[in-house]
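Asks: Sharing a structure, written as structure tokens. Questions coming.
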Amino acid sequence: MRFQPEPPFTHGQPERTAILLCNLGTPDEATAPAVRRYLAQFLADHRVVEIPKLAWLPILHGIILRTRPAKSAAKYASVWTPEGSPLAVWTAKQATLLRGWLGEAGHQVLVRHAMRYGNPSIASQLDALKAEGATRILILPLYPQYSGTTTASVFDAVYAWAARTRHVPELRFVNRYHDHPGYIDALARSIEAHWKVNGQPDKLVMSFHGVPERTLTLGDPYHCESLKTGRMLAERLGLRRERYVLTFQSRFGKAKWLEPYTQPTIEALGKAGTRRVDVVCPGFTSDCLETLEEINMEVREAFLHAGGQEFHYIPCLNDSSHWITALSRVAQQHLAGWPTQVEDAATQADARERALAGGAPKGPTPAGR
């Protein structure tokens with residue numbers, strides 16, 4: 001069949017508004033086979049690697065997926081928790097807390113989370129929301145800065161699901177919130193809380209995930225939005241320009257990526273006599289491999305080996321109350337105009353009776369009737 005079967009429909013069941021929080025993804029386990037499955041999906045995305053498939057797939061399957069999974073699995077194992085992947089744990093908590101925050105504000109909306117790569121998939125969560133009666137769905141990526149490699153890839157997955165769906169819900173998409181006052185404030189409060197306990201560093205390093213430099217020249221706004229986030233955060237903290245530096249991490253392959261690169265920059269600071277650096281990763285809303293292992297282990301070691309004396313990693317926003325408040329404000333802004341209250345039982349029953357009187361098939365009785 002070209003289209004997926006529709007979930008059972010009952011006249012009188014309430015129409016629901018929903019939010020799908022989307023993050024990048026993570027392997028199901030910290031093992032080489034699980035990492036291989038994850039990387040095969042991630043690195044086959046044409047949004048992530050813009051090399052023609054005929055040239056790229058032999059490299060991916062013939063070299064990278066044969067050598068990289070075991071090394072990456074060891075790195076994942078170093079940050080894995082009893083509950084699983086940190087990214088998966090934090091993302092699930094954010095969805096739960098967002099639902100509660102919105103509920104307190106009077107919005108009875110469904111909230112689920114999904115991963116662009118890995119589980120739970122975007123398609124499976126959209127199916128689940130439809131089955132729960134969602135007829136309006138807000139797609140909210142957990143990427144504050146827009147990039148074709150991340151935000152647009154989430155949208156691709158939603159469009160692919162919609163192309164296989166007969167009755168497509170109303171859809172809205174959040175592209176960016178890199179300069180949202182609540183997001184900037186949540187970042188600043190997290191840093192200020194760390195400084196209140198530990199004092200301030202000689203240099204604050206704001207490390208964003210990198211992308212190939214050519215994406216900037218081709219029109220991707222990620223670089224500009226990252227710089228704006230950094231500037232607004234520094235202004236909110238009252239930092240002079242010489243007190244902070246903005247860098248890009250997680251370079252992959254031999255192509256030139258956005259500069260300056262995080263690790264070489266921090267090594268240079270150590271060699272130049274900078275005693276203490278604090279590193280924050282504003283583009284990551286949940287701690288993950290790139291923050292916990294790459295920054296807090298690899299980059300930490302590089303700084304200390306280069307002569308630095310003190311390295312502080314400031315955790316991501318995770319389940320911070322200020323962050324969930326900001327996220328709820330972003331969501332409410334984009335939910336505007338959509339009903340977010342569930343109809344009462346009497347209204348639902350009346351709608352059902354009217355439909356039956358008009359000749360609709362009886363079908364199952366709605367829950368609670």
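Residue numbering restarts at 1 for every chain of the structure tokens, chains are lettered A, B, ... in their displayed order, and ligands are numbered from 1 as they appear.
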Which of region 181-323 of chain A end up as strand (DSSP E or B) when DSSP is run on this backbone - answer as a VMD selection string?
Replies: chain A and resid 203 to 209 212 244 to 249 257 261 276 to 280 310 to 314
Asks: Do you have, as CSV, the list of residues of region 44-113 of chain A lying at most 12 Å from region 191-212 of chain A, each with its nearest atom pair and that distance in Å to one decimal, counting only C-alpha atoms and ordered by chain then number?
Replies:
```
residue,atom,partner,partner_atom,distance
A:Arg47,CA,A:Val211,CA,11.0
A:Val48,CA,A:Val211,CA,8.9
A:Val49,CA,A:Pro212,CA,9.4
A:Glu50,CA,A:Pro212,CA,9.8
A:Ile51,CA,A:Pro212,CA,11.9
```
Asks: Write the residues you've just listed into a file as a compact mmCIF listing (two decimals), in the first residue's frame, and include all heavy atoms for each of them.
Replies:
```txt
# COMPACT_ATOMS: atom_id res chain seq x y z
N ARG A 47 21.62 15.40 4.05
CA ARG A 47 21.73 16.70 4.71
C ARG A 47 23.03 16.78 5.51
O ARG A 47 23.59 17.86 5.70
CB ARG A 47 20.56 16.91 5.66
CG ARG A 47 19.21 17.08 5.01
CD ARG A 47 19.02 18.49 4.52
NE ARG A 47 17.62 18.72 4.13
CZ ARG A 47 17.17 19.87 3.67
NH1 ARG A 47 17.99 20.89 3.53
NH2 ARG A 47 15.90 20.01 3.33
N VAL A 48 23.49 15.65 6.02
CA VAL A 48 24.68 15.61 6.87
C VAL A 48 25.95 15.55 6.02
O VAL A 48 26.93 16.26 6.28
CB VAL A 48 24.61 14.42 7.84
CG1 VAL A 48 25.90 14.28 8.65
CG2 VAL A 48 23.41 14.57 8.77
N VAL A 49 25.94 14.69 5.02
CA VAL A 49 27.10 14.55 4.13
C VAL A 49 26.62 14.84 2.71
O VAL A 49 25.89 14.06 2.12
CB VAL A 49 27.70 13.13 4.21
CG1 VAL A 49 28.89 13.02 3.28
CG2 VAL A 49 28.12 12.81 5.65
N GLU A 50 27.07 15.96 2.16
CA GLU A 50 26.60 16.39 0.84
C GLU A 50 27.52 15.92 -0.29
O GLU A 50 27.71 16.61 -1.27
CB GLU A 50 26.45 17.91 0.81
CG GLU A 50 25.35 18.43 1.72
CD GLU A 50 25.10 19.92 1.50
OE1 GLU A 50 24.92 20.33 0.34
OE2 GLU A 50 25.10 20.67 2.50
N ILE A 51 28.06 14.73 -0.12
CA ILE A 51 28.86 14.12 -1.18
C ILE A 51 27.94 13.21 -1.99
O ILE A 51 27.09 12.52 -1.41
CB ILE A 51 30.02 13.29 -0.58
CG1 ILE A 51 30.94 14.20 0.25
CG2 ILE A 51 30.81 12.57 -1.66
CD1 ILE A 51 32.02 13.45 1.01
```
Asks: Hey, what's within 7 Å of Tyr222 (chain A) if we count only C-alpha atoms and toss same-chain stuff fewer than 4 positions away? As a list in words, please?
Replies: Gln145, Tyr146, Ser147 and Ser226 of chain A
Asks: Save out the residues we just selected, N, CA and C atoms, as a compact mmCIF listing (two decimals), in the first residue's frame.
Replies:
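What landed in out_26.txt:
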```
# COMPACT_ATOMS: atom_id res chain seq x y z
N GLN A 145 19.77 26.91 17.07
CA GLN A 145 20.24 27.54 15.84
C GLN A 145 19.83 26.67 14.65
N TYR A 146 19.29 27.31 13.61
CA TYR A 146 18.88 26.56 12.43
C TYR A 146 20.10 26.14 11.62
N SER A 147 20.05 24.90 11.13
CA SER A 147 21.03 24.43 10.15
C SER A 147 20.36 23.42 9.24
N SER A 226 24.75 31.25 15.44
CA SER A 226 25.62 30.89 16.57
C SER A 226 26.33 32.13 17.11
```
Asks: Considering only C-alpha atoms, state which residue in the set A:Pro58, A:Gly148, A:Gly182, A:Gly273 is at the smallest distance from His46 (chain A).
Replies: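 Result for the nearest residue to His46 (chain A): A:Gly148.
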Asks: Calculated over only C-alpha atoms, which of the candidates A:Arg136, A:Arg231, A:Arg116, A:Arg166 has the smallest distance to Ala88 (chain A)?
Replies: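 Once distances to Ala88 (chain A) are computed over only C-alpha atoms, the minimum belongs to A:Arg116.
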Asks: Could you build a table of the residues in region 89-198 of chain A lying no more than 7 Å from region 4-26 of chain A, giving for each the nearest pair of atoms and their separation in Å rounded to one decimal place, using only C-alpha atoms, ordered by chain and ascending residue number, as JSON lines?
Replies:
```
{"residue": "A:Ala95", "atom": "CA", "partner": "A:Leu21", "partner_atom": "CA", "distance": 6.8}
{"residue": "A:Val109", "atom": "CA", "partner": "A:Ala18", "partner_atom": "CA", "distance": 5.2}
{"residue": "A:Leu110", "atom": "CA", "partner": "A:Ala18", "partner_atom": "CA", "distance": 4.4}
{"residue": "A:Val111", "atom": "CA", "partner": "A:Ile19", "partner_atom": "CA", "distance": 4.8}
{"residue": "A:Arg112", "atom": "CA", "partner": "A:Leu20", "partner_atom": "CA", "distance": 5.1}
{"residue": "A:His113", "atom": "CA", "partner": "A:Leu21", "partner_atom": "CA", "distance": 4.5}
{"residue": "A:Ala114", "atom": "CA", "partner": "A:Cys22", "partner_atom": "CA", "distance": 4.9}
{"residue": "A:Met115", "atom": "CA", "partner": "A:Gly25", "partner_atom": "CA", "distance": 4.7}
{"residue": "A:Arg116", "atom": "CA", "partner": "A:Leu24", "partner_atom": "CA", "distance": 5.1}
{"residue": "A:Tyr117", "atom": "CA", "partner": "A:Gly25", "partner_atom": "CA", "distance": 4.7}
{"residue": "A:Gly118", "atom": "CA", "partner": "A:Gly25", "partner_atom": "CA", "distance": 5.5}
{"residue": "A:Ala131", "atom": "CA", "partner": "A:Pro7", "partner_atom": "CA", "distance": 5.5}
{"residue": "A:Gly133", "atom": "CA", "partner": "A:Arg16", "partner_atom": "CA", "distance": 5.5}
{"residue": "A:Ala134", "atom": "CA", "partner": "A:Arg16", "partner_atom": "CA", "distance": 4.3}
{"residue": "A:Thr135", "atom": "CA", "partner": "A:Arg16", "partner_atom": "CA", "distance": 5.8}
{"residue": "A:Arg136", "atom": "CA", "partner": "A:Thr17", "partner_atom": "CA", "distance": 4.8}
{"residue": "A:Ile137", "atom": "CA", "partner": "A:Ala18", "partner_atom": "CA", "distance": 4.7}
{"residue": "A:Leu138", "atom": "CA", "partner": "A:Ile19", "partner_atom": "CA", "distance": 4.7}
{"residue": "A:Ile139", "atom": "CA", "partner": "A:Leu20", "partner_atom": "CA", "distance": 5.1}
{"residue": "A:Leu140", "atom": "CA", "partner": "A:Leu21", "partner_atom": "CA", "distance": 4.9}
{"residue": "A:Pro141", "atom": "CA", "partner": "A:Cys22", "partner_atom": "CA", "distance": 4.5}
{"residue": "A:Leu142", "atom": "CA", "partner": "A:Asn23", "partner_atom": "CA", "distance": 5.4}
{"residue": "A:Arg164", "atom": "CA", "partner": "A:Gln4", "partner_atom": "CA", "distance": 6.0}
{"residue": "A:Thr165", "atom": "CA", "partner": "A:Gln4", "partner_atom": "CA", "distance": 5.8}
```
Asks: Rank A:Ile64, A:Ala162, A:Leu269, A:Leu216 by their smallest atom-to-atom distance to Gly253 (chain A), using only C-alpha atoms, and report the top residue only.
Replies: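 Between A:Ile64, A:Ala162, A:Leu269, A:Leu216, the residue approaching Gly253 (chain A) most closely is A:Ile64.
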Asks: DSSP on the backbone: what in region 159-328 of chain A comes out alpha helix (DSSP H), as a VMD selection string?
Replies: chain A and resid 159 to 163 181 to 198 214 to 217 222 to 237 262 to 271 289 300 to 305 321 to 328
Asks: Could you tell me how far CA of Arg99 (chain A) sits from CA of Leu317 (chain A), in Å to one decimal place?
Replies: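 Computing the Euclidean distance for CA of Leu317 (chain A) and CA of Arg99 (chain A) yields 17.2 Å.
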